[in-house]
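This report concerns only the one structure given below.
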Amino acid sequence: MMAKTLFDKVWDAHVVDRIENGPQILYIDKHLIHEVTSPQAFNELKERGIPVAHPEKIIATADHNTPTKDQHLPVKDILSRNQLKQLGENCKEHNITLYNLGHKYNGIVHVIAPELGITQPGLTMVCGDSHTSTHGAFGAIAFGIGTSQVAQVFASQCLLIQKPKSLRVHVNGKLKKGVLPKDVILYIISKLGTNSGTGYFCEYAGNVFEEMSMEGRMTVCNMSIEMGARGGMIAPDETTFEYIKGKEFAPKGIGLEEKITYWKTLKTDEEANFDKEFFLDAEDIAPMLTYGTNPGMGIKINETIPVENNDSFEQSLAYMNFQKGKKLINTPVNFVFIGSCTNSRIEDFRVAANYIKGKQKASNVNAWLVPGSQQVVKQIKEEGLQTIFEEAGFELRQPGCSACLAMNEDKIPEGEYCVSTSNRNFEGRQGQGARTILASPLVAAVTAIEGKIVDITKQLN
Amino acid sequence: MEKFVKLSDTGIPLSIENIDTDQIIPARFLKATDKKGFGDNVFRDWRFHKDGSVNEEFILNNKKYEGAILVAGNNFGCGSSREHAAWALAGYGFRVIISSFFADIFKENALNNGILPIQINAKVLELLLQKIKNNPTTKLTIDLEEQELITPLGNIEFEINPYKKLCLLNGYDDIDFLVSKKKEIEAFEASL
């Protein structure tokens with residue numbers, strides 16, 4: 001038998017049909033939806049008189065466009081409120097499970113599906129959101145789709161799609177103190193570039209990922225799209241199985257045992273070939289920061305901004321008001337955001353709380369903590385982290401995508417820097433004219449305490 | 001979906017690299033529940049200053065340049081999966097985007113909305129951008145049947161998936177196709 005990659009194994013098990021010289025028909029096991037990219041897909045079906053093929057395979061949540069304060073009150077923004085209302089009506093009409101605002105399972109789509117045990121190894125999962133790559137952390141094929149494709153999956157539970165090429169990124173060695181999964185992925189993207197993965201599905205391999213927690217793996221896979229890869233995957237192992245055990249919708253008892261036996265087969269065969277492979281050294285990774293307007297523009301916290309001469313690079317630095325050849329250290333920062341589908345899980349808040357404990361945030365800083373889900377909120381409270389945050393002057397808000405894309409009121413003002421644990425530093429991403437610096441939750445917490453960017457490697461070593 | 005067969009028009013040279021879908025349509029305009037009106041806000045924060053005044057320096061506001069063809073820098077459409085970006089470009093009147101590289105999801109979204117993304121060599125793109133900048137009346141012709149982009153610099157062949165080509169030429173879309181495959185899909189489900 002031909003040697004297969006992890007990706008091949010899952011993909012091949014879901015191919016319904018192959019069209020000659022064309023795309024393949026891929027069966028989708030789980031379809032996640034939210035209020036922003038689904039309404040036009042529901043309309044499309046209605047116009048054509050097509051029913052939703054498998055409502056039981058769809059999970060809906062309200063997250064992109066929701067307030068992070070006073071969620072018990074009616075949503076103030078009329079357009080947002082209307083969009084949320086439509087989601088509610090569409091789900092009701094088609095009999096789709098919706099974790100709406102205030103529900104104990106509500107939260108960011110890529111946070112709730114794993115924590116509820118919906119995300120499992122070997123599944124195919126899609127969502128009208130590019131960060132669906134997150135779920136690849138479990139050894140699932142998960143990727144973002146456009147709204148026309150959301151309608152395709154509604155109509156047929158399938159997707160017409162070209163099989164992507166394969167890419168593997170190895171990171172081996174020992175990570176330095178203070179280097180978090182976010183730094184690992186920011187480092188990978190800074191080395192490989194924002195379009196190195198376009199046309200590919202990426203597998204992450206090496207002891208660094210094997211030793212990572214599930215939440216860390218999710219952070220890594222989440223940002224696969226930032227190097228252009230449609231998705232990222234990590235082979236499931238004991239860490240994966242342990243995480244899934246006991247989750248609300250996870251298989252139980254003998255069912256689980258049977259699944260685990262199958263899940264153990266989901267790894268790349270030794271002789272399998274990849275179209276492209278990269279090898280990186282864990283020792284070379286440091287806490288990272290971005291200085292530009294795409295996630296590939298990253299440097300180690302104490303490095304200088306590279307000197308490049310082209311219009312796009314210069315436009316990017318002009319937007320950020322940074323200079324070539326200079327460091328970011330000592331840049332005053334007035335906004336810190338810990339949240340988003342990249343870094344809003346309990347471990348992220350533990351890291352932050354651990355550093356913050358007994359300290360006070362700098363007076364110039366607005367520090368927003370936005371948990372990924374109601375369940376994360378609950379954990380934060382149960383573990384006593386809320387008290388630590390509040391005593392330090394941080395503002396703990398209600399779950400949602402929040403300032404990651406600033407669709408709601410959580411916007412960073414024009415010209416302000418925000419050290420953010422989110423995934424994109426595009427122009428205006430966090431508000432018109434806002435300047436985003438991507439970083440780990442640790443670097444974000446330190447920045448909030450200091451009121452400026454400091455070289456944390458000095459504190460750590 | 002609108003058919004695409006052949007187009008002759010002038011183009012707009014937008015020589016910025018890594019144009020992400022947040023620039024094409026900022027998130028604050030994603031609150032609509034239909035596909036209408038996104039064209040008014042395409043490249044919103046580059047076309048207009050924060051106070052709403054027109055940014056005269058931005059190429060789309062330069063009256064010298066017009067046409068249904070957008071010629072853009074490398075890695076066009078990266079970032080978010082929002083199809084609103086394709087709706088915005090189509091709504092503004094673009095039918096063709098030429099670049100040296102496209103992000104995956106954007107490319108699929110474009111094709112699903114009757115926009116033809118044409119990938120050409122980076123060096124040729126550079127020359128083409130220069131040519132149009134210097135001479136805004138430069139005529140480009142796209143012949144989808146022949147998979148050819150005809151320019152004063154020469155004729156350039158481009159690749160497109162044969163299935164997607166058929167869809168564009170006939171105005172079919174993937175939903176029509178998948179619904180026609182119902183039997184095969186049900187057979188697959190029965191085997192699960």
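Naming scheme: A, B, ... for chains in displayed order of the structure tokens; residues 1 onward per chain; ligands 1 onward as shown.
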Practice task
Determine which residues of chain B sit within 7 Å of chain A, taking into account only C-alpha atoms, and present them as a PyMOL selection string.
Solution key: chain B and resi 16-17+22+27-28+30-35+75+79-83+103-105+109+112+161-163+174-175+178-179+184-185+188
Okay, now the selection with N, CA and C atoms, as a short mmCIF file (atom, residue, chain, number, x, y, z; two decimals), in the first residue's frame?
data_model
loop_
_atom_site.label_atom_id
_atom_site.label_comp_id
_atom_site.auth_asym_id
_atom_site.auth_seq_id
_atom_site.Cartn_x
_atom_site.Cartn_y
_atom_site.Cartn_z
N ILE B 16 0.10 47.26 -4.76
CA ILE B 16 0.41 46.92 -3.36
C ILE B 16 0.41 45.40 -3.20
N GLU B 17 1.36 44.88 -2.43
CA GLU B 17 1.42 43.43 -2.20
C GLU B 17 0.61 43.04 -0.97
N ASP B 22 -9.43 42.28 4.68
CA ASP B 22 -9.84 43.38 5.57
C ASP B 22 -9.70 44.72 4.86
N ALA B 27 -14.16 44.91 8.35
CA ALA B 27 -15.12 44.10 9.11
C ALA B 27 -16.37 44.86 9.51
N ARG B 28 -16.24 46.17 9.73
CA ARG B 28 -17.44 46.90 10.19
C ARG B 28 -18.54 46.95 9.14
N LEU B 30 -19.53 44.22 7.55
CA LEU B 30 -20.00 42.84 7.33
C LEU B 30 -21.32 42.55 8.04
N LYS B 31 -22.02 43.59 8.42
CA LYS B 31 -23.24 43.36 9.23
C LYS B 31 -24.49 43.13 8.39
N ALA B 32 -24.36 43.23 7.09
CA ALA B 32 -25.53 43.05 6.22
C ALA B 32 -25.92 41.58 6.16
N THR B 33 -27.17 41.30 5.83
CA THR B 33 -27.62 39.92 5.72
C THR B 33 -27.95 39.57 4.27
N ASP B 34 -27.66 40.50 3.34
CA ASP B 34 -27.77 40.17 1.91
C ASP B 34 -26.45 40.52 1.23
N LYS B 35 -26.41 40.40 -0.09
CA LYS B 35 -25.14 40.62 -0.79
C LYS B 35 -25.05 42.01 -1.42
N ASN B 75 0.10 38.06 -3.91
CA ASN B 75 -0.65 37.51 -2.75
C ASN B 75 -1.93 38.28 -2.48
N GLY B 79 -5.84 36.46 4.11
CA GLY B 79 -6.56 36.77 5.34
C GLY B 79 -7.91 36.10 5.43
N SER B 80 -8.85 36.84 5.91
CA SER B 80 -10.19 36.33 6.24
C SER B 80 -10.89 35.67 5.05
N SER B 81 -11.78 34.70 5.38
CA SER B 81 -12.50 33.96 4.34
C SER B 81 -13.71 34.73 3.82
N ARG B 82 -13.95 35.92 4.33
CA ARG B 82 -15.19 36.66 4.02
C ARG B 82 -15.43 36.78 2.52
N GLU B 83 -16.55 36.22 2.08
CA GLU B 83 -16.91 36.31 0.66
C GLU B 83 -17.37 37.72 0.32
N ALA B 103 -4.59 34.23 -2.72
CA ALA B 103 -4.87 33.36 -1.56
C ALA B 103 -5.98 32.39 -1.95
N ASP B 104 -5.91 31.18 -1.37
CA ASP B 104 -6.82 30.09 -1.75
C ASP B 104 -8.31 30.42 -1.62
N ILE B 105 -8.69 30.87 -0.43
CA ILE B 105 -10.13 31.03 -0.18
C ILE B 105 -10.68 32.16 -1.05
N ASN B 109 -13.77 32.07 -3.70
CA ASN B 109 -14.89 33.01 -3.55
C ASN B 109 -15.09 33.82 -4.83
N ASN B 112 -16.68 31.78 -7.50
CA ASN B 112 -18.09 31.52 -7.18
C ASN B 112 -18.97 32.74 -7.40
N ASN B 161 -8.80 25.87 -13.66
CA ASN B 161 -9.33 24.52 -13.54
C ASN B 161 -10.43 24.31 -14.59
N PRO B 162 -10.35 23.21 -15.38
CA PRO B 162 -11.32 23.01 -16.47
C PRO B 162 -12.78 23.02 -16.00
N TYR B 163 -13.01 22.50 -14.80
CA TYR B 163 -14.37 22.49 -14.27
C TYR B 163 -14.85 23.92 -13.99
N ASP B 174 -21.50 25.69 -8.15
CA ASP B 174 -21.24 24.41 -7.48
C ASP B 174 -22.49 23.82 -6.83
N ILE B 175 -23.41 24.68 -6.41
CA ILE B 175 -24.62 24.15 -5.75
C ILE B 175 -25.41 23.33 -6.75
N LEU B 178 -23.59 20.01 -7.12
CA LEU B 178 -23.67 19.10 -5.98
C LEU B 178 -25.07 18.52 -5.81
N VAL B 179 -26.08 19.34 -6.05
CA VAL B 179 -27.44 18.84 -5.93
C VAL B 179 -27.68 17.73 -6.96
N GLU B 184 -25.00 9.85 -5.41
CA GLU B 184 -23.65 9.46 -5.02
C GLU B 184 -23.39 9.83 -3.55
N ILE B 185 -23.86 11.01 -3.17
CA ILE B 185 -23.63 11.46 -1.80
C ILE B 185 -24.40 10.56 -0.82
N PHE B 188 -22.62 7.34 -0.37
CA PHE B 188 -21.46 7.52 0.51
C PHE B 188 -21.91 7.54 1.97
#
Problem - Contact residues around Ala88 (chain B) with only C-alpha atoms at 12 Å, ignoring same-chain residues under 4 positions, as a count of residues only - result: 30
Problem - All helix (DSSP H, G or I) positions in region 153-190 of chain B, as number ranges by chain - result: B: 162-170, 174-180, 182-190
For the residues selected in the previous step, produce a file with N, CA and C atoms as a PDB file, in the first residue's frame.
ATOM      1  N   PRO B 162     -10.352  23.214 -15.380  1.00  0.00           N
ATOM      2  CA  PRO B 162     -11.322  23.011 -16.468  1.00  0.00           C
ATOM      3  C   PRO B 162     -12.780  23.023 -16.000  1.00  0.00           C
ATOM      4  N   TYR B 163     -13.009  22.498 -14.797  1.00  0.00           N
ATOM      5  CA  TYR B 163     -14.371  22.493 -14.271  1.00  0.00           C
ATOM      6  C   TYR B 163     -14.851  23.917 -13.989  1.00  0.00           C
ATOM      7  N   LYS B 164     -13.946  24.701 -13.370  1.00  0.00           N
ATOM      8  CA  LYS B 164     -14.297  26.079 -13.029  1.00  0.00           C
ATOM      9  C   LYS B 164     -14.494  26.916 -14.296  1.00  0.00           C
ATOM     10  N   LYS B 165     -13.702  26.603 -15.309  1.00  0.00           N
ATOM     11  CA  LYS B 165     -13.825  27.299 -16.594  1.00  0.00           C
ATOM     12  C   LYS B 165     -15.218  27.074 -17.180  1.00  0.00           C
ATOM     13  N   LEU B 166     -15.632  25.824 -17.136  1.00  0.00           N
ATOM     14  CA  LEU B 166     -16.951  25.455 -17.642  1.00  0.00           C
ATOM     15  C   LEU B 166     -18.060  26.197 -16.880  1.00  0.00           C
ATOM     16  N   CYS B 167     -17.891  26.256 -15.572  1.00  0.00           N
ATOM     17  CA  CYS B 167     -18.870  26.961 -14.738  1.00  0.00           C
ATOM     18  C   CYS B 167     -18.988  28.421 -15.163  1.00  0.00           C
ATOM     19  N   LEU B 168     -17.817  29.082 -15.314  1.00  0.00           N
ATOM     20  CA  LEU B 168     -17.831  30.500 -15.672  1.00  0.00           C
ATOM     21  C   LEU B 168     -18.417  30.721 -17.064  1.00  0.00           C
ATOM     22  N   LEU B 169     -18.007  29.887 -18.009  1.00  0.00           N
ATOM     23  CA  LEU B 169     -18.483  30.058 -19.385  1.00  0.00           C
ATOM     24  C   LEU B 169     -19.999  29.887 -19.472  1.00  0.00           C
ATOM     25  N   ASN B 170     -20.543  29.030 -18.609  1.00  0.00           N
ATOM     26  CA  ASN B 170     -21.974  28.737 -18.678  1.00  0.00           C
ATOM     27  C   ASN B 170     -22.805  29.389 -17.581  1.00  0.00           C
ATOM     28  N   ASP B 174     -21.496  25.687  -8.150  1.00  0.00           N
ATOM     29  CA  ASP B 174     -21.239  24.407  -7.479  1.00  0.00           C
ATOM     30  C   ASP B 174     -22.486  23.817  -6.828  1.00  0.00           C
ATOM     31  N   ILE B 175     -23.406  24.680  -6.409  1.00  0.00           N
ATOM     32  CA  ILE B 175     -24.616  24.146  -5.748  1.00  0.00           C
ATOM     33  C   ILE B 175     -25.415  23.329  -6.750  1.00  0.00           C
ATOM     34  N   ASP B 176     -25.589  23.882  -7.955  1.00  0.00           N
ATOM     35  CA  ASP B 176     -26.304  23.139  -9.010  1.00  0.00           C
ATOM     36  C   ASP B 176     -25.665  21.765  -9.184  1.00  0.00           C
ATOM     37  N   PHE B 177     -24.337  21.775  -9.251  1.00  0.00           N
ATOM     38  CA  PHE B 177     -23.609  20.534  -9.510  1.00  0.00           C
ATOM     39  C   PHE B 177     -23.782  19.528  -8.364  1.00  0.00           C
ATOM     40  N   LEU B 178     -23.593  20.011  -7.121  1.00  0.00           N
ATOM     41  CA  LEU B 178     -23.668  19.095  -5.980  1.00  0.00           C
ATOM     42  C   LEU B 178     -25.069  18.518  -5.808  1.00  0.00           C
ATOM     43  N   VAL B 179     -26.076  19.339  -6.053  1.00  0.00           N
ATOM     44  CA  VAL B 179     -27.443  18.843  -5.933  1.00  0.00           C
ATOM     45  C   VAL B 179     -27.679  17.728  -6.963  1.00  0.00           C
ATOM     46  N   SER B 180     -27.032  17.847  -8.124  1.00  0.00           N
ATOM     47  CA  SER B 180     -27.164  16.802  -9.151  1.00  0.00           C
ATOM     48  C   SER B 180     -26.449  15.504  -8.754  1.00  0.00           C
ATOM     49  N   LYS B 182     -26.736  14.035  -5.798  1.00  0.00           N
ATOM     50  CA  LYS B 182     -27.420  13.579  -4.590  1.00  0.00           C
ATOM     51  C   LYS B 182     -27.279  12.065  -4.368  1.00  0.00           C
ATOM     52  N   LYS B 183     -27.464  11.306  -5.423  1.00  0.00           N
ATOM     53  CA  LYS B 183     -27.418   9.834  -5.306  1.00  0.00           C
ATOM     54  C   LYS B 183     -26.061   9.351  -4.808  1.00  0.00           C
ATOM     55  N   GLU B 184     -25.003   9.851  -5.409  1.00  0.00           N
ATOM     56  CA  GLU B 184     -23.645   9.456  -5.022  1.00  0.00           C
ATOM     57  C   GLU B 184     -23.393   9.826  -3.554  1.00  0.00           C
ATOM     58  N   ILE B 185     -23.858  11.009  -3.173  1.00  0.00           N
ATOM     59  CA  ILE B 185     -23.632  11.460  -1.797  1.00  0.00           C
ATOM     60  C   ILE B 185     -24.396  10.562  -0.815  1.00  0.00           C
ATOM     61  N   GLU B 186     -25.615  10.210  -1.168  1.00  0.00           N
ATOM     62  CA  GLU B 186     -26.410   9.341  -0.284  1.00  0.00           C
ATOM     63  C   GLU B 186     -25.782   7.946  -0.174  1.00  0.00           C
ATOM     64  N   ALA B 187     -25.231   7.472  -1.269  1.00  0.00           N
ATOM     65  CA  ALA B 187     -24.558   6.169  -1.242  1.00  0.00           C
ATOM     66  C   ALA B 187     -23.349   6.226  -0.315  1.00  0.00           C
ATOM     67  N   PHE B 188     -22.616   7.345  -0.374  1.00  0.00           N
ATOM     68  CA  PHE B 188     -21.463   7.515   0.507  1.00  0.00           C
ATOM     69  C   PHE B 188     -21.914   7.541   1.968  1.00  0.00           C
ATOM     70  N   GLU B 189     -22.981   8.259   2.239  1.00  0.00           N
ATOM     71  CA  GLU B 189     -23.489   8.351   3.615  1.00  0.00           C
ATOM     72  C   GLU B 189     -23.902   6.977   4.145  1.00  0.00           C
ATOM     73  N   ALA B 190     -24.470   6.187   3.267  1.00  0.00           N
ATOM     74  CA  ALA B 190     -24.907   4.848   3.672  1.00  0.00           C
ATOM     75  C   ALA B 190     -23.718   3.969   4.050  1.00  0.00           C
TER      76      ALA B 190
END
Exercise for the section: Show which residues sit within 7 Å of Leu125 (chain B), as a ChimeraX atom specification. Count only C-alpha atoms, and ignore same-chain residues fewer than 4 positions away. Expected result: /B:99-100,120-121,129
Problem - Per-residue DSSP, region 5-112 of chain B, filtered to strand (DSSP E), as a list of chain:residue names - result: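 Matching residues for strand (DSSP E) in region 5-112 of chain B are B:Lys6, B:Leu7, B:Ser8, B:Asp9, B:Gly11, B:Ile12, B:Pro13, B:Leu14, B:Ile69, B:Leu70, B:Val71, B:Ala72, B:Val96, B:Ile97, B:Ile98, B:Ser99.
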Take the selection from the previous step and output its residues with C-alpha atoms, as a PDB file, in the first residue's frame.
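Resulting contents of out_5.pdb:
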ATOM      1  CA  LYS B   6     -14.645  37.466 -23.085  1.00  0.00           C
ATOM      2  CA  LEU B   7     -13.801  40.936 -21.846  1.00  0.00           C
ATOM      3  CA  SER B   8     -11.918  43.878 -23.343  1.00  0.00           C
ATOM      4  CA  ASP B   9     -11.303  46.835 -21.084  1.00  0.00           C
ATOM      5  CA  GLY B  11      -7.371  48.186 -16.034  1.00  0.00           C
ATOM      6  CA  ILE B  12      -6.581  49.809 -12.719  1.00  0.00           C
ATOM      7  CA  PRO B  13      -3.009  49.277 -11.446  1.00  0.00           C
ATOM      8  CA  LEU B  14      -2.930  48.673  -7.679  1.00  0.00           C
ATOM      9  CA  ILE B  69      -9.922  44.796 -14.557  1.00  0.00           C
ATOM     10  CA  LEU B  70      -7.951  45.182 -11.348  1.00  0.00           C
ATOM     11  CA  VAL B  71      -4.222  44.547 -11.637  1.00  0.00           C
ATOM     12  CA  ALA B  72      -2.845  44.016  -8.141  1.00  0.00           C
ATOM     13  CA  VAL B  96     -11.154  40.242 -13.577  1.00  0.00           C
ATOM     14  CA  ILE B  97      -8.321  40.442 -11.041  1.00  0.00           C
ATOM     15  CA  ILE B  98      -4.780  39.974 -12.307  1.00  0.00           C
ATOM     16  CA  SER B  99      -1.999  39.239  -9.811  1.00  0.00           C
TER      17      SER B  99
END
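The gap separating CA of Gly393 (chain A) from CA of Ala367 (chain A) is 7.8 Å, in Å to one decimal.
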Problem - Atomic distance CA of Ile305 (chain A) - CA of Leu289 (chain A), expressed in Å with one decimal - result: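 So the two atoms, CA of Ile305 (chain A) and CA of Leu289 (chain A), lie 10.3 Å apart.
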Exercise for the section: Fewer than 4 positions away in the same chain doesn't count, so skip those; otherwise give me all residues within 7 Å of region 250-267 of chain A, counting only C-alpha atoms, as a list of chain:residue names. Expected result: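 What passes the distance filter is A:Thr5, A:Leu6, A:Lys9, A:Gly117, A:Ile118, A:Pro121, A:Gly122, A:Ala235, A:Pro236, A:Asp237, A:Ile244, A:Lys245, A:Gly246.
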Write out the residues from the selection above, keeping N, CA, C and O atoms, as a short mmCIF file (atom, residue, chain, number, x, y, z; two decimals), in the first residue's frame.
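Printed below is result.cif as written:
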data_model
loop_
_atom_site.label_atom_id
_atom_site.label_comp_id
_atom_site.auth_asym_id
_atom_site.auth_seq_id
_atom_site.Cartn_x
_atom_site.Cartn_y
_atom_site.Cartn_z
N THR A 5 0.17 10.41 4.16
CA THR A 5 0.31 11.39 5.23
C THR A 5 -0.95 11.34 6.08
O THR A 5 -1.98 10.79 5.66
N LEU A 6 -0.87 11.94 7.25
CA LEU A 6 -2.05 12.08 8.11
C LEU A 6 -3.19 12.72 7.32
O LEU A 6 -4.34 12.28 7.35
N LYS A 9 -4.83 10.39 4.79
CA LYS A 9 -5.68 9.37 5.42
C LYS A 9 -7.08 9.93 5.70
O LYS A 9 -8.08 9.28 5.41
N GLY A 117 -16.15 18.85 22.86
CA GLY A 117 -15.89 17.50 22.33
C GLY A 117 -16.47 17.28 20.94
O GLY A 117 -16.54 16.15 20.46
N ILE A 118 -16.89 18.38 20.29
CA ILE A 118 -17.41 18.27 18.92
C ILE A 118 -16.24 18.02 17.97
O ILE A 118 -16.34 17.24 17.03
N PRO A 121 -10.48 13.79 16.25
CA PRO A 121 -9.54 13.36 15.22
C PRO A 121 -10.28 12.71 14.04
O PRO A 121 -11.33 12.10 14.24
N GLY A 122 -9.72 12.88 12.86
CA GLY A 122 -10.23 12.17 11.70
C GLY A 122 -11.47 12.76 11.06
O GLY A 122 -11.95 12.26 10.05
N ALA A 235 -0.76 15.27 14.51
CA ALA A 235 -1.22 13.89 14.70
C ALA A 235 -1.77 13.71 16.10
O ALA A 235 -1.16 14.15 17.09
N PRO A 236 -2.94 13.08 16.23
CA PRO A 236 -3.51 12.86 17.56
C PRO A 236 -2.67 11.86 18.36
O PRO A 236 -2.08 10.94 17.80
N ASP A 237 -2.60 12.07 19.67
CA ASP A 237 -1.83 11.18 20.55
C ASP A 237 -2.52 11.12 21.91
O ASP A 237 -3.66 11.58 22.04
N ILE A 244 -10.03 14.93 25.08
CA ILE A 244 -11.40 14.67 24.58
C ILE A 244 -12.26 13.95 25.62
O ILE A 244 -13.45 14.21 25.74
N LYS A 245 -11.61 13.04 26.36
CA LYS A 245 -12.32 12.23 27.35
C LYS A 245 -13.19 13.08 28.28
O LYS A 245 -12.71 14.05 28.85
N GLY A 246 -14.46 12.71 28.37
CA GLY A 246 -15.34 13.39 29.32
C GLY A 246 -15.98 14.66 28.80
O GLY A 246 -16.82 15.25 29.47
#
Exercise for the section: State, in Å with one decimal place, the distance from CA of Asp284 (chain A) to CA of Ile456 (chain A). Expected result: 15.9 Å
